[in-house]
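The file start-v7.cif comes next; it holds mmCIF, C-alpha atoms and all ligand atoms.
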```cif
data_work
#
loop_
_atom_site.label_atom_id
_atom_site.label_comp_id
_atom_site.auth_asym_id
_atom_site.auth_seq_id
_atom_site.Cartn_x
_atom_site.Cartn_y
_atom_site.Cartn_z
CA MET A 1 0.00 0.00 0.00
CA HIS A 2 2.77 2.43 0.96
CA GLU A 3 4.71 1.99 -2.32
CA GLU A 4 1.50 2.20 -4.32
CA MET A 5 0.57 5.47 -2.65
CA ARG A 6 4.12 6.79 -2.86
CA ALA A 7 3.97 6.48 -6.66
CA LEU A 8 0.91 8.75 -6.64
CA LEU A 9 2.41 11.56 -4.55
CA ASN A 10 3.27 13.70 -7.58
CA ALA A 11 -0.14 13.19 -9.15
CA TYR A 12 -1.70 14.21 -5.83
CA LEU A 13 0.55 17.27 -5.64
CA ASP A 14 -0.43 18.28 -9.18
CA GLY A 15 -4.14 17.89 -8.46
CA GLU A 16 -4.46 15.05 -10.96
CA LEU A 17 -6.24 12.57 -8.65
CA GLN A 18 -9.97 12.20 -8.27
CA GLY A 19 -12.55 10.06 -6.52
CA ARG A 20 -11.45 6.86 -4.82
CA ARG A 21 -7.73 7.40 -5.52
CA LEU A 22 -7.82 10.85 -3.97
CA ARG A 23 -9.60 9.60 -0.83
CA GLU A 24 -7.13 6.70 -0.52
CA ILE A 25 -4.04 8.88 -0.66
CA GLU A 26 -5.49 11.45 1.71
CA ALA A 27 -6.21 8.69 4.21
CA HIS A 28 -2.70 7.25 3.74
CA LEU A 29 -1.04 10.62 4.27
CA VAL A 30 -2.71 10.92 7.66
CA SER A 31 -1.08 7.71 8.84
CA CYS A 32 2.24 7.57 6.89
CA ALA A 33 4.88 10.04 8.09
CA GLU A 34 7.32 8.96 5.37
CA CYS A 35 4.93 9.82 2.52
CA LYS A 36 3.99 13.05 4.26
CA LYS A 37 7.64 14.07 4.46
CA GLU A 38 8.28 13.12 0.83
CA LEU A 39 5.23 15.05 -0.34
CA GLY A 40 6.55 18.12 1.47
CA GLU A 41 9.93 17.79 -0.24
CA LEU A 42 8.35 17.29 -3.66
CA ARG A 43 6.20 20.36 -3.10
CA LEU A 44 9.31 22.36 -2.17
CA VAL A 45 11.08 21.21 -5.36
CA SER A 46 8.11 22.27 -7.45
CA GLN A 47 7.83 25.63 -5.69
CA LYS A 48 11.53 26.37 -6.06
CA LEU A 49 11.48 25.47 -9.75
CA GLN A 50 8.45 27.62 -10.48
CA ALA A 51 9.84 30.53 -8.49
CA ASP A 52 12.91 30.59 -10.72
CA THR A 53 11.51 32.22 -13.86
CA SER A 54 14.56 34.32 -14.67
CA VAL A 55 15.83 33.75 -18.20
CA GLU A 56 18.44 35.57 -20.22
CA ALA A 57 16.49 36.15 -23.37
CA PRO A 58 15.99 39.08 -25.74
CA SER A 59 12.86 41.15 -25.19
CA ALA A 60 9.75 39.97 -26.98
CA GLU A 61 9.79 43.04 -29.25
CA ARG A 62 13.38 42.53 -30.35
CA PHE A 63 12.81 38.84 -30.88
CA ILE A 64 9.64 39.41 -32.93
CA SER A 65 11.20 42.07 -35.14
CA GLN A 66 14.12 39.75 -35.90
CA LEU A 67 11.83 36.78 -36.44
CA THR A 68 9.37 38.48 -38.80
CA LEU A 69 12.29 39.57 -40.98
CA SER A 70 13.52 36.01 -41.37
CA LEU A 71 10.18 34.22 -41.74
CA PRO A 72 10.25 32.24 -44.96
CA ARG A 73 7.59 32.67 -47.62
CA ARG A 74 4.96 30.00 -47.42
CA SER A 75 4.36 28.19 -50.68
CA GLN A 76 1.09 26.70 -49.41
CA PRO A 77 -0.89 29.37 -47.60
CA ASN A 78 -4.02 27.20 -47.40
CA PRO A 79 -4.55 23.75 -45.90
CA GLN A 80 -6.81 22.87 -48.84
CA PRO A 81 -4.70 22.45 -51.98
CA LYS A 82 -6.72 25.07 -53.87
CA SER A 83 -3.68 26.29 -55.74
CA ILE A 84 -3.77 23.41 -58.25
CA SER A 85 -3.31 24.94 -61.69
CA PRO A 86 -6.23 25.06 -64.14
CA ALA A 87 -4.15 22.94 -66.55
CA TRP A 88 -4.50 20.10 -64.06
CA TRP A 89 -8.29 20.16 -64.48
CA LEU A 90 -7.98 20.36 -68.28
CA VAL A 91 -6.71 16.77 -68.33
CA PRO A 92 -9.99 15.03 -67.40
CA ALA A 93 -11.94 17.59 -69.45
CA GLY A 94 -9.76 16.80 -72.50
CA LEU A 95 -10.18 13.07 -71.97
CA LEU A 96 -13.94 13.48 -71.76
CA MET A 97 -13.96 15.50 -74.97
CA GLY A 98 -11.83 12.84 -76.67
CA TRP A 99 -14.32 10.21 -75.56
CA VAL A 100 -17.28 12.21 -76.93
CA PHE A 101 -15.42 12.79 -80.20
CA ILE A 102 -14.72 9.09 -80.72
CA GLN A 103 -18.30 8.17 -79.87
CA THR A 104 -19.55 10.75 -82.37
CA VAL A 105 -17.26 9.50 -85.13
CA TYR A 106 -18.46 5.97 -84.47
CA THR A 107 -22.11 6.82 -84.48
CA LEU A 108 -21.70 8.79 -87.70
CA THR A 109 -19.67 6.00 -89.30
CA ASP A 110 -22.29 3.44 -88.36
CA LEU A 111 -25.10 5.62 -89.63
CA VAL A 112 -23.37 6.27 -92.94
CA THR A 113 -22.49 2.59 -93.33
CA ALA A 114 -26.04 1.55 -92.55
CA ALA A 115 -27.41 4.13 -94.96
CA ASN A 116 -25.00 2.96 -97.64
CA LEU A 117 -25.93 -0.67 -97.17
CA THR A 118 -29.62 -0.04 -97.38
CA GLY A 119 -29.06 2.14 -100.41
CA LEU A 120 -30.66 5.09 -98.70
CA LEU A 121 -27.83 7.35 -99.70
CA GLY A 122 -27.95 6.04 -103.24
CA SER A 123 -26.41 8.39 -105.76
CA ALA A 124 -25.60 10.76 -102.92
CA SER A 125 -22.62 8.50 -102.02
CA GLY A 126 -20.56 10.69 -104.32
CA TRP A 127 -20.96 13.34 -101.67
CA LEU A 128 -18.91 11.15 -99.37
CA GLY A 129 -16.13 10.40 -101.79
CA SER A 130 -15.40 13.79 -103.29
CA GLY A 131 -16.97 16.47 -101.09
CA GLN A 132 -14.54 18.75 -99.25
CA GLU A 133 -16.73 18.64 -96.15
CA SER A 134 -16.32 14.91 -95.77
CA ALA A 135 -12.51 14.95 -95.81
CA TRP A 136 -12.22 15.43 -92.02
CA LEU A 137 -14.77 12.74 -91.31
CA GLY A 138 -13.00 10.26 -93.57
CA ALA A 139 -9.62 11.01 -91.97
CA ALA A 140 -10.97 10.80 -88.46
CA ALA A 141 -12.86 7.61 -89.22
CA THR A 142 -9.73 5.95 -90.60
CA LEU A 143 -7.64 7.10 -87.66
CA PHE A 144 -10.09 5.72 -85.15
CA GLY A 145 -10.75 2.53 -87.02
CA GLY A 146 -14.01 3.50 -88.62
CA GLN A 147 -14.17 2.46 -92.27
CA ILE A 148 -16.99 3.84 -94.27
CA LEU A 149 -18.34 1.35 -96.72
CA ALA A 150 -18.87 3.33 -99.84
CA GLN A 151 -19.62 0.31 -102.08
CA PRO A 152 -22.97 -1.28 -101.36
CA ALA A 153 -21.93 -4.18 -103.59
CA ILE A 154 -19.46 -5.59 -101.07
CA SER A 155 -20.50 -8.92 -99.70
CA LEU A 156 -22.11 -9.27 -96.30
CA LEU A 157 -19.16 -11.36 -95.03
CA ASN A 158 -16.69 -8.59 -95.84
CA ASN A 159 -19.02 -6.18 -94.18
CA VAL A 160 -19.08 -8.15 -90.95
CA SER A 161 -15.26 -8.44 -90.78
CA VAL A 162 -14.87 -4.67 -91.22
CA SER A 163 -17.44 -4.08 -88.50
CA VAL A 164 -15.60 -6.43 -86.14
CA SER A 165 -12.24 -4.70 -86.72
CA ASN A 166 -13.96 -1.29 -86.24
CA PHE A 167 -15.40 -2.59 -83.02
CA PHE A 168 -12.00 -3.70 -81.63
CA ILE A 169 -9.99 -0.65 -82.64
CA GLY A 170 -12.73 1.50 -81.18
CA TYR A 171 -12.57 -0.38 -77.91
CA ILE A 172 -8.80 -0.03 -77.71
CA TRP A 173 -9.15 3.75 -78.00
CA GLN A 174 -11.82 3.80 -75.36
CA ALA A 175 -9.68 1.64 -73.08
CA VAL A 176 -6.75 4.04 -73.53
CA ILE A 177 -8.94 6.96 -72.50
CA VAL A 178 -10.30 5.09 -69.48
CA LEU A 179 -6.75 4.14 -68.38
CA LEU A 180 -5.54 7.73 -68.74
CA TYR A 181 -8.52 8.89 -66.70
CA TRP A 182 -7.77 6.38 -63.96
CA ALA A 183 -4.13 7.46 -63.90
CA TRP A 184 -5.26 11.06 -63.49
CA LEU A 185 -7.64 10.11 -60.68
CA GLY A 186 -4.82 8.21 -58.95
CA ALA A 187 -2.45 11.15 -59.22
CA TRP A 188 -5.14 13.52 -57.93
CA TRP A 189 -5.87 11.25 -54.97
CA LEU A 190 -2.18 11.01 -54.02
CA ARG A 191 -1.75 14.79 -54.21
CA HIS A 192 -4.88 15.39 -52.21
CA ASN A 193 -3.98 12.99 -49.41
CA ARG A 194 -0.28 13.36 -49.01
CA GLN A 195 0.29 17.09 -48.63
CA PRO A 196 -1.02 17.87 -45.11
CA LYS A 197 0.36 14.65 -43.60
CA ILE A 198 3.94 15.31 -44.67
CA MET A 199 3.84 18.71 -43.03
CA GLU A 200 2.42 17.39 -39.78
CA ASN A 201 5.21 14.87 -39.38
CA THR A 202 7.89 17.54 -39.56
CA VAL A 203 6.56 19.32 -36.47
CA MET B 1 -6.73 38.05 -17.70
CA ALA B 2 -9.89 38.14 -19.82
CA GLN B 3 -9.85 34.54 -20.94
CA PRO B 4 -12.94 34.23 -23.19
CA GLN B 5 -12.08 37.36 -25.16
CA THR B 6 -8.46 36.26 -25.50
CA ALA B 7 -9.59 32.94 -26.90
CA ASP B 8 -11.80 34.69 -29.45
CA THR B 9 -9.18 37.06 -30.75
CA GLU B 10 -6.56 34.30 -30.78
CA THR B 11 -8.75 32.28 -33.16
CA GLY B 12 -8.99 35.32 -35.41
CA LEU B 13 -5.24 35.91 -35.28
CA ILE B 14 -4.56 32.26 -36.07
CA GLU B 15 -6.81 32.45 -39.12
CA GLN B 16 -5.12 35.62 -40.35
CA ALA B 17 -1.65 34.18 -39.75
CA GLN B 18 -2.65 30.98 -41.54
CA HIS B 19 -3.38 33.10 -44.59
CA GLY B 20 0.08 34.66 -44.42
CA ASP B 21 -0.48 37.74 -42.21
CA ARG B 22 2.90 38.30 -40.56
CA ASN B 23 1.63 40.99 -38.19
CA ALA B 24 -1.03 38.64 -36.85
CA TYR B 25 1.65 36.00 -36.39
CA GLY B 26 3.84 38.54 -34.56
CA GLU B 27 0.98 39.09 -32.10
CA LEU B 28 0.64 35.34 -31.56
CA VAL B 29 4.37 35.09 -30.93
CA ARG B 30 4.13 37.94 -28.42
CA ARG B 31 1.46 36.03 -26.50
CA HIS B 32 3.42 32.79 -26.30
CA TYR B 33 6.95 34.15 -26.20
CA GLN B 34 7.49 34.09 -22.41
CA GLY B 35 6.19 30.56 -22.02
CA VAL B 36 8.19 29.19 -24.95
CA VAL B 37 11.38 30.94 -23.86
CA LEU B 38 11.09 29.53 -20.33
CA VAL B 39 10.40 26.02 -21.63
CA VAL B 40 13.29 25.98 -24.11
CA THR B 41 15.67 27.64 -21.63
CA ARG B 42 15.04 24.94 -19.02
CA MET B 43 15.12 22.31 -21.73
CA CYS B 44 18.48 23.51 -23.11
CA GLY B 45 20.00 24.78 -19.85
CA ASP B 46 21.82 27.49 -21.79
CA ALA B 47 20.63 30.96 -22.84
CA GLY B 48 22.34 30.97 -26.23
CA LEU B 49 21.03 27.56 -27.24
CA ALA B 50 17.61 28.49 -25.90
CA GLU B 51 17.48 31.56 -28.13
CA ASP B 52 18.32 29.41 -31.15
CA ALA B 53 15.64 26.92 -30.12
CA ALA B 54 13.01 29.65 -29.65
CA GLN B 55 13.88 31.11 -33.06
CA GLU B 56 13.67 27.67 -34.66
CA ALA B 57 10.40 26.85 -32.86
CA PHE B 58 8.58 30.00 -33.98
CA MET B 59 9.96 29.56 -37.49
CA ARG B 60 8.63 25.99 -37.68
CA ALA B 61 5.33 27.07 -36.16
CA TRP B 62 4.96 29.69 -38.91
CA VAL B 63 5.71 27.22 -41.67
CA ASN B 64 3.30 24.61 -40.27
CA LEU B 65 0.58 26.97 -39.07
CA PRO B 66 -1.67 26.30 -42.10
CA PHE B 67 -1.96 22.73 -40.85
CA PHE B 68 -2.83 23.66 -37.27
CA GLN B 69 -6.37 22.58 -36.38
CA PRO B 70 -8.06 25.55 -34.65
CA ARG B 71 -9.96 23.16 -32.34
CA GLY B 72 -6.69 22.29 -30.56
CA SER B 73 -4.72 24.46 -28.17
CA LEU B 74 -2.20 26.67 -29.95
CA ARG B 75 -0.12 26.89 -26.78
CA ASN B 76 0.23 23.12 -26.52
CA TRP B 77 0.90 22.86 -30.26
CA ILE B 78 3.70 25.45 -29.98
CA TYR B 79 5.11 23.75 -26.88
CA ARG B 80 5.33 20.51 -28.81
CA ILE B 81 7.28 22.27 -31.56
CA ALA B 82 9.42 24.07 -28.96
CA ILE B 83 10.39 20.85 -27.15
CA ASN B 84 11.39 19.25 -30.45
CA ALA B 85 13.32 22.36 -31.51
CA ALA B 86 15.17 22.39 -28.17
CA LEU B 87 16.10 18.72 -28.54
CA ASP B 88 17.33 19.32 -32.11
CA VAL B 89 19.41 22.32 -31.01
CA LEU B 90 20.93 20.26 -28.17
CA ARG B 91 21.82 17.45 -30.59
CA HIS B 92 23.64 19.86 -32.88
CA LYS B 93 25.28 21.98 -30.22
CA PRO B 94 28.95 22.77 -30.75
CA GLU B 95 31.48 21.54 -28.19
CA GLU B 96 32.59 25.02 -27.03
CA THR B 97 29.32 25.65 -25.19
CA LEU B 98 30.50 23.27 -22.48
CA GLU B 99 33.05 25.85 -21.34
CA ASP B 100 30.38 28.57 -21.30
CA GLU B 101 28.27 26.33 -19.10
CA GLN B 102 31.12 25.94 -16.62
CA ALA B 103 31.64 29.71 -16.62
CA GLY B 104 27.95 30.15 -15.90
CA ARG B 105 28.32 28.00 -12.81
CA MET B 106 30.89 30.29 -11.19
CA PRO B 107 29.51 31.89 -8.00
CA ASP B 108 28.61 35.53 -8.33
CA GLN B 109 30.94 38.18 -6.98
CA GLY B 110 29.43 40.88 -4.83
CA ALA B 111 26.47 38.79 -3.70
CA GLY B 112 23.74 40.30 -1.56
CA PRO B 113 22.50 39.13 1.83
CA GLU B 114 23.26 35.57 2.88
CA THR B 115 19.72 34.21 2.47
CA ALA B 116 19.61 35.55 -1.08
CA LEU B 117 22.89 33.75 -1.77
CA ILE B 118 21.53 30.49 -0.41
CA GLU B 119 18.38 30.87 -2.51
CA LYS B 120 20.50 31.49 -5.57
CA GLU B 121 22.74 28.51 -4.91
CA GLN B 122 19.73 26.27 -4.50
CA ALA B 123 18.19 27.61 -7.69
CA ASP B 124 21.47 27.04 -9.56
CA ALA B 125 21.77 23.52 -8.20
CA LEU B 126 18.22 22.76 -9.27
CA ARG B 127 18.76 24.20 -12.76
CA GLN B 128 21.86 22.11 -13.08
CA ALA B 129 19.95 19.03 -11.94
CA VAL B 130 17.16 19.70 -14.45
CA LYS B 131 19.75 19.99 -17.16
CA SER B 132 21.32 16.65 -16.24
CA LEU B 133 18.00 14.76 -16.39
CA PRO B 134 17.47 12.41 -19.31
CA GLU B 135 15.70 14.21 -22.16
CA ALA B 136 12.45 12.25 -21.85
CA ALA B 137 12.05 12.99 -18.13
CA ARG B 138 13.22 16.58 -18.57
CA ALA B 139 10.59 17.26 -21.24
CA VAL B 140 7.79 16.05 -18.93
CA LEU B 141 9.09 18.05 -15.96
CA VAL B 142 9.58 21.22 -18.01
CA LEU B 143 6.08 21.05 -19.51
CA ARG B 144 4.59 20.48 -16.05
CA GLU B 145 6.57 23.05 -14.03
CA PHE B 146 7.25 25.76 -16.59
CA GLY B 147 4.53 25.14 -19.13
CA GLY B 148 1.85 24.48 -16.52
CA LEU B 149 0.35 21.65 -18.58
CA SER B 150 -1.89 18.94 -17.15
CA TYR B 151 -0.82 15.29 -17.40
CA ARG B 152 -3.34 14.76 -20.19
CA GLU B 153 -1.94 17.72 -22.12
CA ILE B 154 1.65 16.54 -21.63
CA SER B 155 0.61 13.11 -22.83
CA GLY B 156 -0.80 14.70 -25.98
CA VAL B 157 2.17 16.99 -26.58
CA LEU B 158 4.77 14.25 -26.18
CA ASP B 159 2.68 11.42 -27.65
CA VAL B 160 3.14 9.14 -24.64
CA PRO B 161 0.54 7.49 -22.35
CA ILE B 162 -0.43 9.25 -19.11
CA GLY B 163 1.19 6.41 -17.13
CA THR B 164 4.50 7.24 -18.81
CA VAL B 165 4.03 10.92 -18.00
CA MET B 166 3.55 9.98 -14.34
CA SER B 167 6.55 7.67 -14.11
CA ARG B 168 8.84 10.15 -15.85
CA LEU B 169 7.68 12.94 -13.60
CA ASN B 170 8.20 10.77 -10.52
CA TYR B 171 11.71 10.01 -11.67
CA ALA B 172 12.52 13.67 -12.42
CA ARG B 173 11.09 15.14 -9.22
CA ASN B 174 12.74 12.49 -7.09
CA ARG B 175 16.13 13.26 -8.60
CA LEU B 176 15.61 16.96 -7.91
CA ARG B 177 14.37 16.20 -4.41
CA GLU B 178 17.64 14.38 -3.67
CA VAL B 179 19.67 17.29 -5.06
CA LEU B 180 17.75 19.81 -3.00
CA SER B 181 18.04 17.70 0.17
CA SER B 182 21.81 17.38 -0.21
CA GLU B 183 22.07 21.15 -0.89
CA MET B 184 20.17 21.78 2.32
CA GLU B 185 22.35 19.36 4.26
CA ILE B 186 25.51 21.08 3.02
CA MET B 187 24.12 24.39 4.16
CA GLU B 188 23.21 23.04 7.56
CA ILE B 189 26.73 21.67 7.99
CA ASN B 190 28.24 25.01 6.93
CA HIS B 191 26.08 26.84 9.41
CA ALA B 192 26.62 24.45 12.30
ZN ZN C 301 3.50 5.85 2.75
#
```

Let me see whether you can do it: turn the structure in this file into structure tokens.
Ligand SMILES: [Zn+2]
Amino acid sequence: MHEEMRALLNAYLDGELQGRRLREIEAHLVSCAECKKELGELRLVSQKLQADTSVEAPSAERFISQLTLSLPRRSQPNPQPKSISPAWWLVPAGLLMGWVFIQTVYTLTDLVTAANLTGLLGSASGWLGSGQESAWLGAAATLFGGQILAQPAISLLNNVSVSVSNFFIGYIWQAVIVLLYWAWLGAWWLRHNRQPKIMENTV
Amino acid sequence: MAQPQTADTETGLIEQAQHGDRNAYGELVRRHYQGVVLVVTRMCGDAGLAEDAAQEAFMRAWVNLPFFQPRGSLRNWIYRIAINAALDVLRHKPEETLEDEQAGRMPDQGAGPETALIEKEQADALRQAVKSLPEAARAVLVLREFGGLSYREISGVLDVPIGTVMSRLNYARNRLREVLSSEMEIMEINHA
């Protein structure tokens, strides 16, 4: 009991004990002269330490004027990383636009092919082959795997194989865009999470 | 001291300083300067090192202020930085300061009345004893005696359980108690 109470003398002195513990030590101090003496000595140590507040230090004003001159510029004035450049946000926007563009080219290619096959376009197919306006569509369709079937005479089998290759090339492009988008999301997440934690650890 | 009002304006100053207002930060430094200086001085046991530590502490506090959570206590947050700054300064202290420390221990010439001399000798002996404590125990003692922190606050500042705070404080105060007792014995013998 004595050793147990002795270990609590400082906590008692600092007013950190409550309830049962406090009552126990108060009761023990009444009966134990050794603990009572030790408590007195500990109190004296604490009083003498706290009484000695003299320090050789520059005045607050002098210290502050020196300090404010040497404070470094803060690169990150806000806890929220709001300072991310607009170019950063252009990446997902660009990817989205690329996606829409490919989808549009595909839909158009399919429509034109379907129209061609059913002969709806008929003599107007010349418009596709020679017209200046169609040059961009033809180039884009080739680039992205879309092949416009200008000859309705081509066999159904040939037709199917072209459609299948269109389908795959198209999917590869879409997959590339999805992967790039994921990479961007990953990079954004890392940026967002890491910054404040690194700073906290340096404190 | 008008506590509630102080707390209000301190929150405002913190916010301004977080957004880069150096004058607001200067005011915050003014409020915590005495406490930090006392803590780092007792931690370092040397005025020169303590000044470096205080400078370093307030510099780090400025850099990291944007990450301070206003719900916490700024004083405790700064004390945490100050203790770490003092330990870093001590680790990098040049060898020459040892001689300065010895010079600082020389008894004063032209001392006043005898009781004042005894008081001063006791205070010096205690300072010296604080300085010779292991860092971990010294940090707890300094935060308790000079920072006025509760055990819970010390536990938060130093990232140790309250039980560890208690055992380190027991160790530190008991060492100082022995030093003070032997100082008193020496004086009694001298006066006998
Ligand atoms: Zn006892």

Inset, instruction - Rounded to one decimal place, report the CA of Thr41 in chain B-CA of Val55 in chain A distance in Å. - result: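 Answer for the CA of Thr41 in chain B to CA of Val55 in chain A separation: 7.0 Å.
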
Inset, instruction - Find the residue from A:Ala33, A:Leu13, A:Ile102, A:Leu44 that sits nearest to ligand ZN 301 (chain C); use only C-alpha atoms and all ligand atoms when measuring. - result: A:Ala33

Inset, instruction - Find the residues in chain B near chain A: any atom within 8 Å counts, using all atoms listed in the file. Write them as number ranges by chain. - result: B: 18-20, 22, 26, 29-30, 33-34, 37-38, 41, 47, 51, 55, 58-64, 66-67, 80-81, 84, 123, 126-127, 145-146, 150-151, 166-167, 169-170, 173-174, 176-177, 180

Legend entry - Environment of ligand ZN 301 (chain C) within 12 Å, counting only C-alpha atoms and all ligand atoms, reported as number ranges by chain: A: 1-9, 24-39

Legend entry - Which residue of A:Leu190, A:Gly170, A:Gly19, A:Trp89 approaches Val105 in chain A most closely, using only C-alpha atoms: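 Under the stated criterion, the closest residue is A:Gly170.
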
Inset, instruction - Figure out the distance between CA of Gln16 in chain B and CA of Arg71 in chain B, please, to one decimal in Å. - result: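 Spanning CA of Arg71 in chain B to CA of Gln16 in chain B is a straight-line distance of 15.6 Å.
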
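Between CA of Gly148 in chain B and CA of Tyr79 in chain B lies a distance of 10.9 Å.
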
Could you write out as JSON the box around range 98-115 of chain A (axis-aligned, all atoms listed in the file, 6 Å on each side), with centre and edge lengths in Å to one decimal?
```
{"center_x": -19.6, "center_y": 7.2, "center_z": -85.3, "size_x": 27.6, "size_y": 23.3, "size_z": 31.4}
```

Legend entry - Using only C-alpha atoms: which of B:Glu15, B:Gly48, B:Leu133, B:Gly72 has the shortest distance to Gly156 in chain B: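 That would be B:Gly72, the residue with the smallest distance to Gly156 in chain B.
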
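Ranking B:Val140, B:Leu149, B:Ala24, B:Met43 by their shortest atom-to-atom distance to Gln128 in chain B, with only C-alpha atoms included, puts B:Met43 first.
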
Inset, instruction - Using all atoms listed in the file, give me every residue within 10 Å of (5.0, 10.4, -24.5) in file coordinates, as a list in words. - result: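 The answer, in the requested form, is Ala136, Ala137, Ala139, Val140, Ile154, Ser155, Gly156, Val157, Leu158, Asp159, Val160, Pro161, Ile162, Gly163, Thr164, Val165 and Arg168 of chain B.
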